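Here is the file structure-v2.tsv (TSV, C-alpha atoms).
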chain	number	residue	atom	x	y	z
A	1	MET	CA	-17.19	10.34	11.95
A	2	ARG	CA	-14.78	12.49	9.95
A	3	VAL	CA	-12.10	10.69	7.93
A	4	ALA	CA	-9.33	12.53	9.78
A	5	SER	CA	-10.72	11.36	13.13
A	6	ALA	CA	-11.06	7.77	11.91
A	7	ARG	CA	-7.49	7.84	10.61
A	8	LYS	CA	-6.15	9.09	13.95
A	9	LEU	CA	-8.17	6.50	15.89
A	10	ALA	CA	-6.82	3.77	13.59
A	11	GLY	CA	-3.33	4.95	14.49
A	12	VAL	CA	-4.08	5.09	18.20
A	13	THR	CA	-5.54	1.59	18.38
A	14	LEU	CA	-2.83	0.04	16.18
A	15	PHE	CA	0.02	1.73	18.04
A	16	ALA	CA	-1.45	0.96	21.47
A	17	GLY	CA	-2.08	-2.68	20.62
A	18	ALA	CA	1.37	-3.39	19.21
A	19	PHE	CA	3.22	-1.29	21.78
A	20	GLN	CA	1.56	-2.83	24.83
A	21	PHE	CA	2.11	-6.34	23.45
A	22	ALA	CA	5.82	-5.70	22.84
A	23	PHE	CA	6.17	-4.29	26.36
A	24	PHE	CA	4.23	-6.99	28.19
A	25	MET	CA	5.83	-9.82	26.22
A	26	ILE	CA	9.22	-8.68	27.55
A	27	LEU	CA	7.76	-8.36	31.04
A	28	SER	CA	6.31	-11.88	30.90
A	29	GLU	CA	9.72	-13.20	29.78
A	30	ILE	CA	11.24	-11.71	32.92
A	31	TYR	CA	8.69	-13.43	35.17
A	32	TYR	CA	9.07	-16.82	33.42
A	33	PRO	CA	11.72	-18.96	35.21
A	34	ASP	CA	14.86	-19.46	33.09
A	35	TYR	CA	13.15	-18.30	29.91
A	36	ASN	CA	15.40	-18.55	26.85
A	37	VAL	CA	14.48	-16.56	23.72
A	38	SER	CA	16.35	-19.07	21.55
A	39	THR	CA	14.88	-22.32	22.82
A	40	ASN	CA	11.48	-21.27	24.21
A	41	TYR	CA	8.55	-20.55	21.95
A	42	ILE	CA	6.87	-17.17	22.37
A	43	SER	CA	3.65	-18.93	23.33
A	44	ASP	CA	5.44	-20.78	26.15
A	45	LEU	CA	4.87	-17.54	28.05
A	46	GLY	CA	1.15	-18.32	28.15
A	47	ALA	CA	1.56	-22.04	28.87
A	48	THR	CA	4.35	-24.49	28.13
A	49	CYS	CA	3.27	-27.91	26.90
A	50	ARG	CA	5.76	-30.61	25.94
A	51	ALA	CA	5.40	-34.00	27.66
A	52	THR	CA	3.44	-32.17	30.36
A	53	CYS	CA	1.97	-28.67	30.63
A	54	GLN	CA	3.30	-25.98	32.93
A	55	VAL	CA	1.82	-22.57	33.63
A	56	PHE	CA	4.00	-19.94	35.29
A	57	GLN	CA	2.36	-16.94	36.94
A	58	PRO	CA	2.21	-14.02	36.54
A	59	SER	CA	3.87	-14.60	33.17
A	60	SER	CA	0.92	-16.57	31.79
A	61	THR	CA	-1.75	-14.04	32.70
A	62	ILE	CA	0.33	-11.11	31.46
A	63	PHE	CA	1.01	-12.73	28.10
A	64	ASN	CA	-2.46	-14.14	27.44
A	65	VAL	CA	-4.25	-10.91	28.38
A	66	SER	CA	-1.78	-8.81	26.38
A	67	VAL	CA	-2.00	-10.86	23.17
A	68	SER	CA	-5.81	-10.97	23.47
A	69	LEU	CA	-5.86	-7.18	23.91
A	70	LEU	CA	-3.64	-6.88	20.85
A	71	GLY	CA	-6.23	-8.82	18.86
A	72	VAL	CA	-9.13	-6.71	20.12
A	73	LEU	CA	-7.30	-3.48	19.29
A	74	LEU	CA	-6.42	-4.80	15.82
A	75	LEU	CA	-10.11	-5.45	15.22
A	76	ALA	CA	-10.86	-1.88	16.32
A	77	THR	CA	-8.13	-0.67	13.97
A	78	THR	CA	-9.80	-2.62	11.16
A	79	TYR	CA	-13.00	-0.64	11.64
A	80	PHE	CA	-11.29	2.76	11.70
A	81	LEU	CA	-8.95	1.85	8.84
A	82	GLN	CA	-11.89	0.84	6.65
A	83	ARG	CA	-13.66	4.10	7.49
A	84	THR	CA	-10.53	5.97	6.42
A	85	PHE	CA	-9.29	4.19	3.31
A	86	ARG	CA	-12.14	1.93	2.12
A	87	ARG	CA	-9.66	-0.84	1.28
A	88	ARG	CA	-11.49	-4.10	1.86
A	89	LEU	CA	-8.50	-6.36	1.26
A	90	VAL	CA	-6.29	-4.64	3.84
A	91	SER	CA	-9.16	-4.48	6.31
A	92	ALA	CA	-9.99	-8.17	5.86
A	93	LEU	CA	-6.35	-9.22	6.29
A	94	LEU	CA	-5.98	-7.08	9.41
A	95	ALA	CA	-9.22	-8.48	10.84
A	96	MET	CA	-7.89	-12.02	10.37
A	97	THR	CA	-4.68	-10.99	12.15
A	98	GLY	CA	-6.74	-9.68	15.05
A	99	ILE	CA	-8.79	-12.88	15.21
A	100	GLY	CA	-5.58	-14.90	15.24
A	101	ALA	CA	-4.13	-12.85	18.10
A	102	VAL	CA	-7.30	-13.14	20.18
A	103	GLY	CA	-7.28	-16.89	19.56
A	104	VAL	CA	-3.66	-17.19	20.72
A	105	GLY	CA	-4.61	-15.57	24.03
A	106	ILE	CA	-7.84	-17.48	24.57
A	107	PHE	CA	-6.39	-20.83	23.48
A	108	PRO	CA	-2.83	-21.18	24.89
A	109	GLU	CA	-0.73	-24.30	24.35
A	110	THR	CA	-2.95	-26.17	26.83
A	111	ALA	CA	-5.77	-25.97	24.23
A	112	GLY	CA	-3.97	-28.39	21.92
A	113	ALA	CA	-4.40	-28.04	18.14
A	114	LEU	CA	-6.34	-24.78	18.36
A	115	HIS	CA	-3.29	-22.86	19.53
A	116	PRO	CA	-0.99	-23.46	16.54
A	117	ILE	CA	-3.90	-22.79	14.17
A	118	PHE	CA	-4.51	-19.34	15.65
A	119	SER	CA	-0.76	-18.66	15.83
A	120	LEU	CA	-0.44	-19.41	12.12
A	121	ILE	CA	-3.41	-17.17	11.33
A	122	ALA	CA	-1.86	-14.28	13.29
A	123	PHE	CA	1.60	-14.63	11.72
A	124	LEU	CA	0.47	-15.29	8.15
A	125	PHE	CA	-2.16	-12.57	7.95
A	126	GLY	CA	0.07	-10.15	9.84
A	127	GLY	CA	2.71	-10.45	7.15
A	128	LEU	CA	0.12	-10.18	4.38
A	129	THR	CA	-1.42	-7.10	6.01
A	130	ALA	CA	1.91	-5.29	6.13
A	131	VAL	CA	2.61	-6.01	2.45
A	132	SER	CA	-0.89	-5.09	1.28
A	133	SER	CA	-0.87	-1.84	3.25
A	134	TYR	CA	1.77	-0.22	1.04
A	135	LYS	CA	-0.87	1.73	-0.88
A	136	LEU	CA	-2.03	3.36	2.34
A	137	GLN	CA	1.38	4.90	3.00
A	138	LYS	CA	3.79	7.18	1.19
A	139	PRO	CA	7.46	6.33	0.64
A	140	PRO	CA	9.60	5.54	2.50
A	141	MET	CA	7.02	4.14	4.94
A	142	SER	CA	5.43	2.09	2.17
A	143	TYR	CA	8.80	0.45	1.43
A	144	PHE	CA	9.25	-0.41	5.09
A	145	ALA	CA	5.79	-2.00	5.15
A	146	VAL	CA	6.54	-4.29	2.21
A	147	ILE	CA	10.00	-5.25	3.47
A	148	SER	CA	8.67	-5.98	6.97
A	149	GLY	CA	5.84	-8.12	5.65
A	150	LEU	CA	8.10	-10.06	3.29
A	151	ILE	CA	10.62	-10.77	6.06
A	152	THR	CA	7.80	-12.11	8.24
A	153	LEU	CA	6.41	-14.28	5.45
A	154	ALA	CA	9.84	-15.62	4.44
A	155	ALA	CA	10.75	-16.35	8.06
A	156	LEU	CA	7.38	-18.06	8.58
A	157	LEU	CA	8.06	-20.34	5.61
A	158	LEU	CA	11.48	-21.27	7.00
A	159	TYR	CA	10.04	-21.71	10.48
A	160	SER	CA	7.33	-24.05	9.20
A	161	GLN	CA	10.07	-26.25	7.72
A	162	SER	CA	12.03	-26.23	11.00
A	163	ILE	CA	14.81	-24.18	9.40
A	164	TYR	CA	16.01	-21.94	12.20
A	165	LEU	CA	19.27	-20.53	10.76
A	166	GLY	CA	21.11	-21.22	14.00
A	167	LEU	CA	18.70	-19.02	15.99
A	168	GLY	CA	16.78	-21.84	17.66
A	169	ASN	CA	13.04	-22.31	17.39
A	170	GLY	CA	12.31	-19.35	19.66
A	171	GLY	CA	14.78	-17.09	17.93
A	172	MET	CA	13.37	-17.89	14.50
A	173	GLU	CA	9.83	-17.35	15.75
A	174	ARG	CA	10.90	-13.86	16.76
A	175	VAL	CA	12.20	-13.22	13.25
A	176	VAL	CA	8.64	-14.01	12.17
A	177	LEU	CA	7.04	-11.72	14.75
A	178	TYR	CA	9.29	-8.70	15.22
A	179	PRO	CA	9.26	-7.21	11.69
A	180	VAL	CA	5.46	-7.04	11.49
A	181	LEU	CA	5.15	-5.95	15.14
A	182	LEU	CA	7.61	-3.08	14.58
A	183	TRP	CA	5.79	-2.18	11.36
A	184	ALA	CA	2.51	-1.99	13.30
A	185	ILE	CA	4.04	0.40	15.84
A	186	ALA	CA	5.52	2.55	13.05
A	187	PHE	CA	2.33	2.51	10.95
A	188	GLY	CA	0.29	3.46	14.02
A	189	GLY	CA	2.51	6.50	14.51
A	190	TYR	CA	2.25	7.29	10.80
A	191	LEU	CA	-1.55	7.27	10.97
A	192	MET	CA	-1.63	9.48	14.06
A	193	ALA	CA	0.52	12.14	12.42
A	194	PRO	CA	-1.28	14.97	10.58
A	195	GLU	CA	-1.55	14.35	6.85
A	196	THR	CA	0.75	16.39	4.66
A	197	GLY	CA	0.56	17.25	0.98
A	198	SER	CA	2.28	15.19	-1.69

Please express what this file holds, its structure, as structure tokens.
Amino acid sequence: MRVASARKLAGVTLFAGAFQFAFFMILSEIYYPDYNVSTNYISDLGATCRATCQVFQPSSTIFNVSVSLLGVLLLATTYFLQRTFRRRLVSALLAMTGIGAVGVGIFPETAGALHPIFSLIAFLFGGLTAVSSYKLQKPPMSYFAVISGLITLAALLLYSQSIYLGLGNGGMERVVLYPVLLWAIAFGGYLMAPETGS
């Protein structure tokens, strides 16, 4: 496989994975009764477990399939990205992000302790992937990658300490997710574009 082809396929899989997840997450919010982005966790879309567990359809199926597909496409991106850049650290971090996303879909809140473990893996390694990818991009895209990753990591630290900055638990969780998700969409487009000279 030529490097140019591998680069473009990395862009296609990354863009498709992040874009479809962003779209279907919004769709699953619409189908979830009285969903509140401030007070509901993102993963409530797959299954909501507090004192009891509730599963709302079709929201649950849409979310769980979409986040699992995100993970699978991130793993595909890992392969093509490694073929293109030969950067083992970035590839390993992205692979862990993909594994985390697949785990979130396969093990929703009804799975107990497994769910938060995979959620943490996806968020943490997603932020680290964005930061570490700066060498794969030229400015200003490389700056955006670092800033996006650092916002995700900082928000994750605050979130883990139950510091929500007035946004609610669901709102703060979105501050963790959105920067790295938007970076993935942008980086996917960047990789699909023809390379230009320095």

Do you know which residues are at most 9 Å from Tyr178 (chain A) counting all atoms listed in the file, after dropping those on the same chain fewer than 5 positions away, and could you put them as a VMD selection string? chain A and resid 22 148 152 173 183

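Here the question is which of A:Ser28, A:Ala47, A:Ala10, A:Pro33 gets nearest to Leu94 (chain A) using all atoms listed in the file, and that residue is A:Ala10.
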
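As for CA of Ile26 (chain A) and CA of Phe63 (chain A), they are spaced 9.2 Å apart.
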
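Comparing A:Thr78, A:Ser160, A:Thr84, A:Ser5 by their smallest distance to Thr129 (chain A), the closest is A:Thr78 (using only C-alpha atoms).
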
Which residue is closest to Gly100 (chain A)? Choose from A:Asn64, A:Thr77, A:Ser119, A:Gln82 and count only C-alpha atoms.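 For Gly100 (chain A), the nearest of the candidates is A:Ser119.
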
If we count only C-alpha atoms, what is near Phe187 (chain A) at a cut-off of 12 Å, once residues fewer than 2 positions away on the same chain are taken out, given as a PyMOL selection string? chain A and resi 7-8+10-19+77+81+129-130+133-134+136-138+140-146+148+179-185+189-193

What separation in Å, quoted to one decimal, exists between CA of Ile151 (chain A) and CA of Ile117 (chain A)?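 Distance between the two atoms: 20.5 Å.
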
With all atoms listed in the file as the basis for distance, which of A:Pro194, A:Gly105, A:Gly127, A:Gly188 is at the shortest distance from Asp44 (chain A)?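 Closest candidate: A:Gly105.
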
Looking at only C-alpha atoms, which of A:Thr97, A:Ser59, A:Thr39, A:Asn169 is the one that sits closest to Leu120 (chain A)? A:Thr97

Surrounding residues of Ile30 (chain A) excluding itself and chain neighbours under 6 positions, 12 Å, only C-alpha atoms, as a list in words: Phe23, Phe24, Asn36, Val37, Leu45, Phe56, Gln57, Pro58, Ser59, Ser60, Ile62 and Phe63 of chain A

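Shortest separation to Val104 (chain A) among A:Leu153, A:Leu73, A:Val67, A:Leu89 occurs at residue A:Val67, atoms counted being all atoms listed in the file.
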
CA of Arg50 (chain A) to CA of Thr110 (chain A): how many Å, to one decimal? 9.8 Å

Complete the atoms of region 158-169 of chain A to all heavy atoms and put them out as an mmCIF file, in the coordinates of the input.
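Contents of selection.cif, freshly written:
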data_model
loop_
_atom_site.group_PDB
_atom_site.id
_atom_site.type_symbol
_atom_site.label_atom_id
_atom_site.label_comp_id
_atom_site.auth_asym_id
_atom_site.auth_seq_id
_atom_site.Cartn_x
_atom_site.Cartn_y
_atom_site.Cartn_z
ATOM 1 N N LEU A 158 10.337 -20.542 6.454
ATOM 2 C CA LEU A 158 11.480 -21.270 7.000
ATOM 3 C C LEU A 158 11.121 -21.932 8.320
ATOM 4 O O LEU A 158 11.456 -23.100 8.561
ATOM 5 C CB LEU A 158 12.668 -20.317 7.189
ATOM 6 C CG LEU A 158 13.296 -19.736 5.923
ATOM 7 C CD1 LEU A 158 14.339 -18.690 6.287
ATOM 8 C CD2 LEU A 158 13.921 -20.831 5.068
ATOM 9 N N TYR A 159 10.432 -21.203 9.159
ATOM 10 C CA TYR A 159 10.040 -21.710 10.480
ATOM 11 C C TYR A 159 9.159 -22.951 10.352
ATOM 12 O O TYR A 159 9.313 -23.920 11.107
ATOM 13 C CB TYR A 159 9.322 -20.596 11.225
ATOM 14 C CG TYR A 159 8.847 -20.951 12.612
ATOM 15 C CD1 TYR A 159 9.724 -20.959 13.694
ATOM 16 C CD2 TYR A 159 7.510 -21.268 12.847
ATOM 17 C CE1 TYR A 159 9.290 -21.271 14.974
ATOM 18 C CE2 TYR A 159 7.065 -21.584 14.117
ATOM 19 C CZ TYR A 159 7.958 -21.583 15.176
ATOM 20 O OH TYR A 159 7.521 -21.900 16.438
ATOM 21 N N SER A 160 8.240 -22.913 9.392
ATOM 22 C CA SER A 160 7.330 -24.050 9.200
ATOM 23 C C SER A 160 8.055 -25.299 8.735
ATOM 24 O O SER A 160 7.553 -26.417 8.903
ATOM 25 C CB SER A 160 6.239 -23.669 8.174
ATOM 26 O OG SER A 160 6.797 -23.541 6.871
ATOM 27 N N GLN A 161 9.254 -25.118 8.165
ATOM 28 C CA GLN A 161 10.070 -26.250 7.720
ATOM 29 C C GLN A 161 11.155 -26.600 8.739
ATOM 30 O O GLN A 161 12.069 -27.366 8.428
ATOM 31 C CB GLN A 161 10.718 -25.911 6.366
ATOM 32 C CG GLN A 161 9.743 -25.575 5.263
ATOM 33 C CD GLN A 161 8.771 -26.717 4.985
ATOM 34 O OE1 GLN A 161 9.188 -27.862 4.827
ATOM 35 N NE2 GLN A 161 7.474 -26.404 4.935
ATOM 36 N N SER A 162 11.052 -26.014 9.923
ATOM 37 C CA SER A 162 12.030 -26.230 11.000
ATOM 38 C C SER A 162 13.436 -25.813 10.595
ATOM 39 O O SER A 162 14.428 -26.426 11.000
ATOM 40 C CB SER A 162 12.015 -27.692 11.467
ATOM 41 O OG SER A 162 10.740 -28.054 11.972
ATOM 42 N N ILE A 163 13.520 -24.758 9.779
ATOM 43 C CA ILE A 163 14.810 -24.180 9.400
ATOM 44 C C ILE A 163 14.990 -22.921 10.243
ATOM 45 O O ILE A 163 14.313 -21.915 10.034
ATOM 46 C CB ILE A 163 14.841 -23.836 7.895
ATOM 47 C CG1 ILE A 163 14.624 -25.099 7.065
ATOM 48 C CG2 ILE A 163 16.174 -23.170 7.531
ATOM 49 C CD1 ILE A 163 14.457 -24.834 5.577
ATOM 50 N N TYR A 164 15.895 -23.001 11.209
ATOM 51 C CA TYR A 164 16.010 -21.940 12.200
ATOM 52 C C TYR A 164 17.249 -21.058 12.041
ATOM 53 O O TYR A 164 17.438 -20.118 12.821
ATOM 54 C CB TYR A 164 15.993 -22.535 13.609
ATOM 55 C CG TYR A 164 14.749 -23.347 13.914
ATOM 56 C CD1 TYR A 164 14.833 -24.519 14.674
ATOM 57 C CD2 TYR A 164 13.493 -22.961 13.451
ATOM 58 C CE1 TYR A 164 13.698 -25.268 14.972
ATOM 59 C CE2 TYR A 164 12.364 -23.704 13.726
ATOM 60 C CZ TYR A 164 12.462 -24.859 14.495
ATOM 61 O OH TYR A 164 11.345 -25.599 14.772
ATOM 62 N N LEU A 165 18.096 -21.352 11.068
ATOM 63 C CA LEU A 165 19.270 -20.530 10.760
ATOM 64 C C LEU A 165 20.175 -20.301 11.971
ATOM 65 O O LEU A 165 20.778 -19.240 12.125
ATOM 66 C CB LEU A 165 18.829 -19.166 10.188
ATOM 67 C CG LEU A 165 17.914 -19.207 8.951
ATOM 68 C CD1 LEU A 165 17.527 -17.800 8.528
ATOM 69 C CD2 LEU A 165 18.569 -19.961 7.809
ATOM 70 N N GLY A 166 20.247 -21.303 12.831
ATOM 71 C CA GLY A 166 21.110 -21.220 14.000
ATOM 72 C C GLY A 166 20.552 -20.374 15.127
ATOM 73 O O GLY A 166 21.238 -20.161 16.131
ATOM 74 N N LEU A 167 19.310 -19.897 14.986
ATOM 75 C CA LEU A 167 18.700 -19.020 15.990
ATOM 76 C C LEU A 167 17.906 -19.790 17.040
ATOM 77 O O LEU A 167 17.505 -19.214 18.045
ATOM 78 C CB LEU A 167 17.773 -18.012 15.311
ATOM 79 C CG LEU A 167 18.430 -17.079 14.295
ATOM 80 C CD1 LEU A 167 17.360 -16.304 13.535
ATOM 81 C CD2 LEU A 167 19.388 -16.133 14.993
ATOM 82 N N GLY A 168 17.667 -21.069 16.796
ATOM 83 C CA GLY A 168 16.780 -21.840 17.660
ATOM 84 C C GLY A 168 15.340 -21.591 17.284
ATOM 85 O O GLY A 168 15.023 -20.633 16.574
ATOM 86 N N ASN A 169 14.447 -22.448 17.741
ATOM 87 C CA ASN A 169 13.040 -22.310 17.390
ATOM 88 C C ASN A 169 12.448 -20.995 17.899
ATOM 89 O O ASN A 169 11.685 -20.315 17.190
ATOM 90 C CB ASN A 169 12.230 -23.488 17.929
ATOM 91 C CG ASN A 169 12.418 -23.710 19.419
ATOM 92 O OD1 ASN A 169 13.443 -24.228 19.849
ATOM 93 N ND2 ASN A 169 11.447 -23.316 20.223
#
